[in-house]
Amino acid sequence: MRAARLIKMVLLLQSRPTMTAAELARELEVSERTVTRDAQALSEAGVPVYAERGRAGGYRLIGGYRTRLTGLARGEAEALFLSGVPGALREMGLEDAASAARLKVSAALLPSLRDASRTAAQRFHLDAPNWFREPETPELLPAVADAVWDDRPITARYRRGEDEVVRELEPYGLVLKAGVWYLCARVAAADGGGDGPFRVYRIDRFSAVEPGEARFARDEGFDLPAFWSERAEQFARSILRAEVVVRLSPRGVRQLPYAVDALSAREALDGADAPDADGWVRVTLPVESEEVAHTQLRGLGPEVEVLAPAALRERFAADARRSAALYGDEGPAAT
């Protein structure tokens, strides 16, 4: 632990002209007293760390000292490519590896480019979870992430409805979608081979994960982004089991993609009839169910008229009568 901290201290001093004890303590997450002891240990080991006293003082390396410890380890190099998603790195347990990788890259850059990581971080930040939702990190995510990086099979206990099932999986990739972590994995075949189907699992539904010892032979033709895109569209289509027919005002047409599923809105508007004299259009909208359609389409208010099925139209008519009673001259507020 201390050896890693000393290396990090050298890399920090190599990437910046001077750092105060307070700055080093903050970066290393230790006390200033520990920084002083570490600087002394480095000096005794032959690393020319020099302490300047006074208001403008601090620690620096002298004599143009350059460490040879800037080569990236494999884990650090892999983590570096994910450094734009700090929250995801932290949840997978890769934050330290990414921090070390960034320091090594900074130490290898020309002095004029060493602020590149800071300037990039000031200009781009990815916040993956949805609004108004506090994301929860699955407890078993680090264990699953380790298996993904090492190409190690896992024995996973998975909650499916009220039951739990055990699956032998070859974990191929992780996906963070709207604050929820998913594992894309191949189910191990009954004979122990790796030619089972690829499936998607929510990691927060794993109750236990046991990694295997031997590595599995990865299918190099597997394309994680393409696989996820295909499965996501299949899932979206699979839940659209019903249809409703509606008329939309011009404003309703613009608001539809914000009220219903994007795939549903796109298919409905692509097949829309020509606008009538008032600019309203008739569309057939794929929906999950009449209940879901009632909830979603209510957000469009008077910009939508439900034509079919009749039961759903009557529900909207009842809603309209209730609203008229509330807002009419004889409503409670007027009384």
# chains A, B, ... in the order shown; residues from 1 in each chain; ligands from 1
>>> select_by_dssp(residues="segment 157-294 of chain A", states="strand (DSSP E)", output="compact mmCIF listing (two decimals) with all heavy atoms, in the first residue's frame")
# COMPACT_ATOMS: atom_id res chain seq x y z
N ARG A 157 -26.02 -17.16 -9.28
CA ARG A 157 -27.37 -17.41 -8.78
C ARG A 157 -28.19 -16.16 -9.11
O ARG A 157 -27.84 -15.07 -8.69
CB ARG A 157 -27.36 -17.70 -7.29
CG ARG A 157 -28.72 -18.13 -6.74
CD ARG A 157 -28.60 -18.54 -5.29
NE ARG A 157 -27.80 -19.74 -5.15
CZ ARG A 157 -28.26 -20.98 -5.27
NH1 ARG A 157 -29.56 -21.16 -5.55
NH2 ARG A 157 -27.48 -22.01 -5.13
N TYR A 158 -29.27 -16.34 -9.86
CA TYR A 158 -30.01 -15.23 -10.46
C TYR A 158 -31.47 -15.27 -10.05
O TYR A 158 -32.11 -16.33 -10.16
CB TYR A 158 -29.87 -15.32 -11.99
CG TYR A 158 -30.42 -14.15 -12.76
CD1 TYR A 158 -29.73 -12.94 -12.83
CD2 TYR A 158 -31.64 -14.26 -13.44
CE1 TYR A 158 -30.23 -11.87 -13.56
CE2 TYR A 158 -32.14 -13.19 -14.17
CZ TYR A 158 -31.43 -12.01 -14.22
OH TYR A 158 -31.93 -10.95 -14.94
N ARG A 159 -32.00 -14.13 -9.58
CA ARG A 159 -33.41 -14.06 -9.23
C ARG A 159 -34.25 -13.84 -10.49
O ARG A 159 -34.06 -12.87 -11.21
CB ARG A 159 -33.65 -12.92 -8.24
CG ARG A 159 -33.03 -13.16 -6.88
CD ARG A 159 -33.45 -12.08 -5.89
NE ARG A 159 -32.98 -10.75 -6.30
CZ ARG A 159 -31.78 -10.28 -5.98
NH1 ARG A 159 -30.94 -11.00 -5.26
NH2 ARG A 159 -31.42 -9.08 -6.37
N ARG A 160 -35.20 -14.75 -10.70
CA ARG A 160 -36.10 -14.65 -11.86
C ARG A 160 -37.52 -14.78 -11.34
O ARG A 160 -37.99 -15.88 -11.05
CB ARG A 160 -35.79 -15.74 -12.89
CG ARG A 160 -36.54 -15.56 -14.20
CD ARG A 160 -36.03 -16.52 -15.24
NE ARG A 160 -36.29 -17.90 -14.86
CZ ARG A 160 -35.89 -18.95 -15.58
NH1 ARG A 160 -35.18 -18.76 -16.68
NH2 ARG A 160 -36.18 -20.18 -15.18
N ASP A 163 -38.48 -17.01 -8.14
CA ASP A 163 -37.55 -18.13 -8.03
C ASP A 163 -36.11 -17.66 -8.22
O ASP A 163 -35.85 -16.53 -8.65
CB ASP A 163 -37.88 -19.19 -9.08
CG ASP A 163 -39.31 -19.71 -8.94
OD1 ASP A 163 -39.75 -19.87 -7.79
OD2 ASP A 163 -39.96 -19.92 -9.99
N GLU A 164 -35.19 -18.56 -7.88
CA GLU A 164 -33.77 -18.35 -8.16
C GLU A 164 -33.27 -19.50 -9.01
O GLU A 164 -33.62 -20.66 -8.78
CB GLU A 164 -32.96 -18.28 -6.86
CG GLU A 164 -33.02 -16.94 -6.16
CD GLU A 164 -31.94 -16.79 -5.10
OE1 GLU A 164 -31.37 -17.82 -4.68
OE2 GLU A 164 -31.65 -15.65 -4.72
N VAL A 165 -32.46 -19.15 -10.01
CA VAL A 165 -31.87 -20.17 -10.89
C VAL A 165 -30.36 -20.03 -10.85
O VAL A 165 -29.83 -18.96 -10.53
CB VAL A 165 -32.38 -20.02 -12.34
CG1 VAL A 165 -33.88 -20.27 -12.42
CG2 VAL A 165 -32.03 -18.65 -12.90
N VAL A 166 -29.67 -21.11 -11.15
CA VAL A 166 -28.21 -21.11 -11.20
C VAL A 166 -27.79 -21.26 -12.66
O VAL A 166 -28.31 -22.12 -13.38
CB VAL A 166 -27.63 -22.25 -10.35
CG1 VAL A 166 -26.10 -22.29 -10.48
CG2 VAL A 166 -28.02 -22.07 -8.88
N ARG A 167 -26.89 -20.39 -13.09
CA ARG A 167 -26.42 -20.41 -14.47
C ARG A 167 -24.90 -20.43 -14.52
O ARG A 167 -24.23 -19.72 -13.75
CB ARG A 167 -26.93 -19.18 -15.24
CG ARG A 167 -28.44 -19.18 -15.47
CD ARG A 167 -28.83 -20.17 -16.54
NE ARG A 167 -30.26 -20.11 -16.82
CZ ARG A 167 -31.17 -20.90 -16.25
NH1 ARG A 167 -30.78 -21.78 -15.34
NH2 ARG A 167 -32.44 -20.79 -16.56
N GLU A 168 -24.37 -21.25 -15.42
CA GLU A 168 -22.94 -21.22 -15.71
C GLU A 168 -22.76 -20.27 -16.90
O GLU A 168 -23.28 -20.53 -17.99
CB GLU A 168 -22.43 -22.62 -16.07
CG GLU A 168 -22.64 -23.67 -14.98
CD GLU A 168 -21.78 -23.40 -13.77
OE1 GLU A 168 -20.69 -22.80 -13.92
OE2 GLU A 168 -22.19 -23.80 -12.66
N LEU A 169 -22.05 -19.15 -16.68
CA LEU A 169 -21.98 -18.10 -17.68
C LEU A 169 -20.54 -17.77 -18.05
O LEU A 169 -19.63 -17.85 -17.22
CB LEU A 169 -22.65 -16.82 -17.14
CG LEU A 169 -24.11 -16.92 -16.71
CD1 LEU A 169 -24.56 -15.61 -16.09
CD2 LEU A 169 -24.99 -17.29 -17.90
N GLU A 170 -20.39 -17.38 -19.30
CA GLU A 170 -19.13 -16.80 -19.77
C GLU A 170 -19.38 -15.31 -19.95
O GLU A 170 -20.05 -14.89 -20.90
CB GLU A 170 -18.69 -17.45 -21.08
CG GLU A 170 -18.35 -18.92 -20.93
CD GLU A 170 -17.99 -19.59 -22.24
OE1 GLU A 170 -18.15 -18.94 -23.30
OE2 GLU A 170 -17.56 -20.76 -22.22
N PRO A 171 -18.90 -14.46 -19.03
CA PRO A 171 -19.23 -13.03 -19.07
C PRO A 171 -18.42 -12.29 -20.13
O PRO A 171 -17.20 -12.21 -20.05
CB PRO A 171 -18.86 -12.56 -17.65
CG PRO A 171 -17.79 -13.51 -17.22
CD PRO A 171 -18.08 -14.82 -17.86
N TYR A 172 -19.14 -11.71 -21.10
CA TYR A 172 -18.47 -11.05 -22.22
C TYR A 172 -18.37 -9.54 -22.05
O TYR A 172 -17.40 -8.94 -22.49
CB TYR A 172 -19.20 -11.38 -23.53
CG TYR A 172 -18.67 -12.60 -24.23
CD1 TYR A 172 -18.80 -13.86 -23.66
CD2 TYR A 172 -18.01 -12.50 -25.46
CE1 TYR A 172 -18.31 -14.99 -24.30
CE2 TYR A 172 -17.52 -13.61 -26.10
CZ TYR A 172 -17.67 -14.87 -25.51
OH TYR A 172 -17.17 -15.98 -26.14
N GLY A 173 -19.36 -8.90 -21.48
CA GLY A 173 -19.30 -7.44 -21.42
C GLY A 173 -20.33 -6.87 -20.47
O GLY A 173 -21.34 -7.50 -20.15
N LEU A 174 -20.05 -5.65 -20.01
CA LEU A 174 -20.93 -4.91 -19.11
C LEU A 174 -21.53 -3.71 -19.84
O LEU A 174 -20.85 -3.07 -20.64
CB LEU A 174 -20.16 -4.43 -17.88
CG LEU A 174 -19.62 -5.50 -16.94
CD1 LEU A 174 -18.66 -4.89 -15.94
CD2 LEU A 174 -20.75 -6.21 -16.23
N VAL A 175 -22.78 -3.41 -19.54
CA VAL A 175 -23.46 -2.26 -20.12
C VAL A 175 -24.13 -1.49 -18.98
O VAL A 175 -24.81 -2.08 -18.13
CB VAL A 175 -24.52 -2.69 -21.16
CG1 VAL A 175 -25.30 -1.47 -21.65
CG2 VAL A 175 -23.86 -3.40 -22.33
N LEU A 176 -23.92 -0.18 -18.96
CA LEU A 176 -24.59 0.70 -18.01
C LEU A 176 -25.65 1.48 -18.77
O LEU A 176 -25.34 2.32 -19.61
CB LEU A 176 -23.59 1.66 -17.36
CG LEU A 176 -24.16 2.70 -16.38
CD1 LEU A 176 -24.86 2.02 -15.22
CD2 LEU A 176 -23.06 3.62 -15.88
N LYS A 177 -26.93 1.17 -18.50
CA LYS A 177 -28.04 1.77 -19.22
C LYS A 177 -28.95 2.49 -18.22
O LYS A 177 -29.58 1.85 -17.37
CB LYS A 177 -28.83 0.69 -19.97
CG LYS A 177 -30.15 1.16 -20.59
CD LYS A 177 -29.94 2.07 -21.78
CE LYS A 177 -31.25 2.34 -22.51
NZ LYS A 177 -31.09 3.23 -23.66
N VAL A 180 -28.62 1.51 -14.67
CA VAL A 180 -28.76 0.08 -14.36
C VAL A 180 -27.65 -0.69 -15.07
O VAL A 180 -27.42 -0.49 -16.26
CB VAL A 180 -30.14 -0.45 -14.79
CG1 VAL A 180 -30.27 -1.94 -14.48
CG2 VAL A 180 -31.25 0.33 -14.10
N TRP A 181 -26.99 -1.60 -14.34
CA TRP A 181 -25.90 -2.41 -14.89
C TRP A 181 -26.44 -3.73 -15.43
O TRP A 181 -27.23 -4.41 -14.77
CB TRP A 181 -24.85 -2.69 -13.83
CG TRP A 181 -23.96 -1.54 -13.53
CD1 TRP A 181 -24.10 -0.63 -12.52
CD2 TRP A 181 -22.77 -1.17 -14.23
NE1 TRP A 181 -23.07 0.30 -12.57
CE2 TRP A 181 -22.24 -0.02 -13.60
CE3 TRP A 181 -22.10 -1.68 -15.33
CZ2 TRP A 181 -21.08 0.61 -14.03
CZ3 TRP A 181 -20.93 -1.06 -15.77
CH2 TRP A 181 -20.44 0.07 -15.12
N TYR A 182 -25.99 -4.08 -16.64
CA TYR A 182 -26.36 -5.35 -17.27
C TYR A 182 -25.10 -6.12 -17.65
O TYR A 182 -24.06 -5.54 -17.99
CB TYR A 182 -27.19 -5.10 -18.54
CG TYR A 182 -28.51 -4.43 -18.30
CD1 TYR A 182 -28.62 -3.03 -18.28
CD2 TYR A 182 -29.67 -5.17 -18.09
CE1 TYR A 182 -29.85 -2.41 -18.06
CE2 TYR A 182 -30.90 -4.55 -17.88
CZ TYR A 182 -30.97 -3.17 -17.86
OH TYR A 182 -32.18 -2.55 -17.65
N LEU A 183 -25.23 -7.45 -17.61
CA LEU A 183 -24.15 -8.33 -18.06
C LEU A 183 -24.59 -9.03 -19.33
O LEU A 183 -25.66 -9.65 -19.37
CB LEU A 183 -23.82 -9.38 -16.98
CG LEU A 183 -22.84 -10.49 -17.42
CD1 LEU A 183 -21.45 -9.91 -17.67
CD2 LEU A 183 -22.80 -11.60 -16.39
N CYS A 184 -23.77 -8.95 -20.36
CA CYS A 184 -23.99 -9.70 -21.59
C CYS A 184 -23.10 -10.93 -21.51
O CYS A 184 -21.87 -10.81 -21.42
CB CYS A 184 -23.64 -8.86 -22.82
SG CYS A 184 -24.60 -7.33 -22.96
N ALA A 185 -23.70 -12.11 -21.51
CA ALA A 185 -22.94 -13.34 -21.26
C ALA A 185 -23.42 -14.46 -22.15
O ALA A 185 -24.57 -14.47 -22.61
CB ALA A 185 -23.06 -13.74 -19.79
N ARG A 186 -22.53 -15.41 -22.37
CA ARG A 186 -22.91 -16.63 -23.10
C ARG A 186 -23.17 -17.72 -22.07
O ARG A 186 -22.37 -17.94 -21.16
CB ARG A 186 -21.78 -17.04 -24.04
CG ARG A 186 -21.95 -18.44 -24.62
CD ARG A 186 -20.88 -18.75 -25.65
NE ARG A 186 -21.32 -18.39 -26.99
CZ ARG A 186 -20.54 -18.42 -28.06
NH1 ARG A 186 -19.26 -18.74 -27.94
NH2 ARG A 186 -21.02 -18.11 -29.25
N VAL A 187 -24.30 -18.38 -22.22
CA VAL A 187 -24.63 -19.49 -21.32
C VAL A 187 -23.81 -20.70 -21.72
O VAL A 187 -23.77 -21.08 -22.90
CB VAL A 187 -26.13 -19.82 -21.40
CG1 VAL A 187 -26.48 -20.97 -20.47
CG2 VAL A 187 -26.97 -18.59 -21.07
N PHE A 198 -26.22 -16.32 -26.28
CA PHE A 198 -25.89 -15.08 -25.57
C PHE A 198 -27.17 -14.50 -24.97
O PHE A 198 -28.20 -14.43 -25.65
CB PHE A 198 -25.26 -14.06 -26.53
CG PHE A 198 -23.82 -14.33 -26.85
CD1 PHE A 198 -23.46 -14.96 -28.03
CD2 PHE A 198 -22.82 -13.96 -25.97
CE1 PHE A 198 -22.15 -15.22 -28.33
CE2 PHE A 198 -21.49 -14.20 -26.26
CZ PHE A 198 -21.15 -14.83 -27.44
N ARG A 199 -27.07 -14.05 -23.71
CA ARG A 199 -28.23 -13.47 -23.04
C ARG A 199 -27.80 -12.25 -22.23
O ARG A 199 -26.61 -12.02 -22.03
CB ARG A 199 -28.91 -14.50 -22.13
CG ARG A 199 -29.57 -15.63 -22.92
CD ARG A 199 -30.21 -16.65 -22.02
NE ARG A 199 -30.84 -17.72 -22.81
CZ ARG A 199 -31.24 -18.87 -22.31
NH1 ARG A 199 -31.09 -19.12 -21.01
NH2 ARG A 199 -31.80 -19.78 -23.09
N VAL A 200 -28.80 -11.51 -21.76
CA VAL A 200 -28.56 -10.30 -20.97
C VAL A 200 -29.15 -10.48 -19.58
O VAL A 200 -30.29 -10.95 -19.44
CB VAL A 200 -29.18 -9.06 -21.66
CG1 VAL A 200 -28.99 -7.82 -20.79
CG2 VAL A 200 -28.57 -8.85 -23.04
N TYR A 201 -28.38 -10.11 -18.55
CA TYR A 201 -28.80 -10.26 -17.16
C TYR A 201 -28.63 -8.93 -16.43
O TYR A 201 -27.60 -8.25 -16.60
CB TYR A 201 -27.97 -11.33 -16.44
CG TYR A 201 -28.08 -12.70 -17.05
CD1 TYR A 201 -27.25 -13.09 -18.10
CD2 TYR A 201 -29.00 -13.62 -16.57
CE1 TYR A 201 -27.34 -14.36 -18.66
CE2 TYR A 201 -29.11 -14.89 -17.13
CZ TYR A 201 -28.28 -15.25 -18.16
OH TYR A 201 -28.38 -16.50 -18.73
N ARG A 202 -29.62 -8.58 -15.60
CA ARG A 202 -29.48 -7.43 -14.71
C ARG A 202 -28.62 -7.85 -13.52
O ARG A 202 -28.95 -8.81 -12.81
CB ARG A 202 -30.84 -6.95 -14.22
CG ARG A 202 -31.57 -6.06 -15.20
CD ARG A 202 -32.85 -5.52 -14.62
NE ARG A 202 -32.63 -4.70 -13.41
CZ ARG A 202 -33.35 -3.64 -13.10
NH1 ARG A 202 -34.33 -3.25 -13.91
NH2 ARG A 202 -33.11 -2.97 -12.01
N PHE A 206 -28.47 -10.61 -9.37
CA PHE A 206 -27.57 -11.68 -8.93
C PHE A 206 -27.55 -11.71 -7.41
O PHE A 206 -27.37 -10.67 -6.76
CB PHE A 206 -26.15 -11.47 -9.44
CG PHE A 206 -25.96 -11.77 -10.91
CD1 PHE A 206 -25.23 -10.93 -11.71
CD2 PHE A 206 -26.53 -12.89 -11.48
CE1 PHE A 206 -25.05 -11.19 -13.06
CE2 PHE A 206 -26.36 -13.16 -12.83
CZ PHE A 206 -25.62 -12.32 -13.62
N SER A 207 -27.72 -12.88 -6.83
CA SER A 207 -27.61 -13.02 -5.38
C SER A 207 -26.30 -13.67 -4.97
O SER A 207 -25.90 -13.59 -3.80
CB SER A 207 -28.79 -13.85 -4.84
OG SER A 207 -28.81 -15.13 -5.43
N ALA A 208 -25.60 -14.29 -5.93
CA ALA A 208 -24.30 -14.89 -5.64
C ALA A 208 -23.54 -15.07 -6.95
O ALA A 208 -24.14 -15.36 -7.99
CB ALA A 208 -24.45 -16.23 -4.93
N VAL A 209 -22.22 -14.87 -6.87
CA VAL A 209 -21.36 -15.05 -8.05
C VAL A 209 -20.09 -15.75 -7.61
O VAL A 209 -19.42 -15.31 -6.67
CB VAL A 209 -21.00 -13.70 -8.70
CG1 VAL A 209 -19.91 -13.89 -9.75
CG2 VAL A 209 -22.22 -13.05 -9.33
N GLU A 210 -19.77 -16.85 -8.27
CA GLU A 210 -18.55 -17.61 -7.96
C GLU A 210 -17.70 -17.71 -9.23
O GLU A 210 -18.08 -18.37 -10.19
CB GLU A 210 -18.91 -19.00 -7.46
CG GLU A 210 -17.71 -19.84 -7.03
CD GLU A 210 -17.01 -19.28 -5.80
OE1 GLU A 210 -17.71 -18.70 -4.95
OE2 GLU A 210 -15.78 -19.40 -5.70
N PRO A 211 -16.53 -17.03 -9.27
CA PRO A 211 -15.69 -17.09 -10.48
C PRO A 211 -14.98 -18.43 -10.60
O PRO A 211 -14.64 -19.07 -9.60
CB PRO A 211 -14.70 -15.94 -10.27
CG PRO A 211 -14.61 -15.79 -8.79
CD PRO A 211 -15.96 -16.14 -8.24
N ALA A 242 -49.78 -4.44 -27.94
CA ALA A 242 -51.13 -3.94 -28.28
C ALA A 242 -51.01 -2.72 -29.19
O ALA A 242 -49.90 -2.19 -29.40
CB ALA A 242 -51.90 -3.60 -27.00
N GLU A 243 -52.14 -2.28 -29.70
CA GLU A 243 -52.17 -1.10 -30.56
C GLU A 243 -53.35 -0.22 -30.19
O GLU A 243 -54.42 -0.73 -29.79
CB GLU A 243 -52.29 -1.49 -32.05
CG GLU A 243 -51.05 -2.12 -32.64
CD GLU A 243 -51.22 -2.39 -34.12
OE1 GLU A 243 -52.39 -2.37 -34.61
OE2 GLU A 243 -50.20 -2.62 -34.80
N VAL A 244 -53.15 1.09 -30.32
CA VAL A 244 -54.26 2.04 -30.15
C VAL A 244 -54.23 2.98 -31.35
O VAL A 244 -53.16 3.25 -31.92
CB VAL A 244 -54.15 2.83 -28.83
CG1 VAL A 244 -54.21 1.91 -27.63
CG2 VAL A 244 -52.89 3.68 -28.79
N VAL A 245 -55.40 3.46 -31.73
CA VAL A 245 -55.51 4.40 -32.85
C VAL A 245 -55.86 5.76 -32.26
O VAL A 245 -56.82 5.88 -31.48
CB VAL A 245 -56.59 3.95 -33.85
CG1 VAL A 245 -56.67 4.94 -35.01
CG2 VAL A 245 -56.30 2.55 -34.35
N VAL A 246 -55.09 6.77 -32.63
CA VAL A 246 -55.30 8.11 -32.07
C VAL A 246 -55.20 9.16 -33.16
O VAL A 246 -54.64 8.91 -34.25
CB VAL A 246 -54.27 8.43 -30.97
CG1 VAL A 246 -54.35 7.42 -29.83
CG2 VAL A 246 -52.85 8.48 -31.54
N ARG A 247 -55.76 10.34 -32.88
CA ARG A 247 -55.54 11.53 -33.69
C ARG A 247 -54.67 12.49 -32.89
O ARG A 247 -54.87 12.68 -31.69
CB ARG A 247 -56.87 12.23 -34.04
CG ARG A 247 -57.74 11.47 -35.01
CD ARG A 247 -59.05 12.20 -35.24
NE ARG A 247 -58.88 13.46 -35.95
CZ ARG A 247 -59.21 14.66 -35.49
NH1 ARG A 247 -59.73 14.78 -34.26
NH2 ARG A 247 -59.03 15.76 -36.21
N LEU A 248 -53.71 13.10 -33.59
CA LEU A 248 -52.77 14.00 -32.92
C LEU A 248 -52.81 15.38 -33.58
O LEU A 248 -52.81 15.50 -34.82
CB LEU A 248 -51.34 13.45 -33.03
CG LEU A 248 -51.05 12.14 -32.31
CD1 LEU A 248 -49.70 11.57 -32.77
CD2 LEU A 248 -51.04 12.33 -30.81
N VAL A 281 -53.39 14.47 -37.47
CA VAL A 281 -53.04 13.24 -38.18
C VAL A 281 -53.54 12.03 -37.39
O VAL A 281 -53.61 12.06 -36.16
CB VAL A 281 -51.52 13.11 -38.43
CG1 VAL A 281 -51.01 14.24 -39.30
CG2 VAL A 281 -50.76 13.06 -37.10
N ARG A 282 -53.87 10.97 -38.12
CA ARG A 282 -54.34 9.71 -37.52
C ARG A 282 -53.18 8.72 -37.57
O ARG A 282 -52.58 8.52 -38.61
CB ARG A 282 -55.55 9.19 -38.29
CG ARG A 282 -56.08 7.84 -37.82
CD ARG A 282 -57.15 7.39 -38.78
NE ARG A 282 -57.60 6.02 -38.50
CZ ARG A 282 -58.82 5.70 -38.11
NH1 ARG A 282 -59.74 6.65 -37.98
NH2 ARG A 282 -59.15 4.44 -37.89
N VAL A 283 -52.88 8.10 -36.42
CA VAL A 283 -51.77 7.15 -36.35
C VAL A 283 -52.21 5.91 -35.58
O VAL A 283 -53.12 5.96 -34.75
CB VAL A 283 -50.52 7.75 -35.66
CG1 VAL A 283 -50.05 9.00 -36.38
CG2 VAL A 283 -50.77 8.03 -34.19
N THR A 284 -51.56 4.80 -35.89
CA THR A 284 -51.71 3.56 -35.12
C THR A 284 -50.47 3.42 -34.26
O THR A 284 -49.35 3.32 -34.78
CB THR A 284 -51.88 2.35 -36.03
OG1 THR A 284 -53.05 2.53 -36.84
CG2 THR A 284 -52.01 1.08 -35.23
N LEU A 285 -50.66 3.40 -32.95
CA LEU A 285 -49.55 3.47 -32.01
C LEU A 285 -49.34 2.13 -31.31
O LEU A 285 -50.23 1.64 -30.61
CB LEU A 285 -49.84 4.56 -30.97
CG LEU A 285 -48.77 4.85 -29.92
CD1 LEU A 285 -47.57 5.52 -30.57
CD2 LEU A 285 -49.36 5.74 -28.83
N PRO A 286 -48.17 1.48 -31.49
CA PRO A 286 -47.88 0.25 -30.72
C PRO A 286 -47.67 0.61 -29.24
O PRO A 286 -46.96 1.56 -28.93
CB PRO A 286 -46.57 -0.26 -31.34
CG PRO A 286 -46.40 0.50 -32.63
CD PRO A 286 -47.08 1.81 -32.43
N VAL A 287 -48.29 -0.14 -28.35
CA VAL A 287 -48.18 0.13 -26.91
C VAL A 287 -48.00 -1.18 -26.16
O VAL A 287 -48.29 -2.27 -26.68
CB VAL A 287 -49.42 0.88 -26.38
CG1 VAL A 287 -49.52 2.27 -27.00
CG2 VAL A 287 -50.69 0.07 -26.62
>>> closest_residue(among="A:Pro48, A:Gly212, A:Gly221, A:Gly279", to="Asp150 of chain A", atoms="only C-alpha atoms")
A:Gly212
>>> residues_around(residues="segment 295-306 of chain A", least_positions_apart="4", cutoff="9 Å", atoms="only C-alpha atoms", output="list of chain:residue names")
A:Val244, A:Val245, A:Val246, A:Arg247, A:Leu248, A:Ser249, A:Pro250, A:Arg251, A:Gly252, A:Val253, A:Gln255, A:Leu256, A:Ala259, A:Val260, A:Glu290, A:Glu291, A:Ala310, A:Leu312, A:Arg313, A:Glu314, A:Phe316, A:Asp319
>>> closest_residue(among="A:Ser323, A:Thr20, A:Thr34, A:Ser238", to="Arg60 of chain A", atoms="only C-alpha atoms")
A:Thr20
>>> closest_residue(among="A:Tyr59, A:Phe227, A:Phe235, A:Trp280", to="Leu263 of chain A", atoms="only C-alpha atoms")
A:Phe235
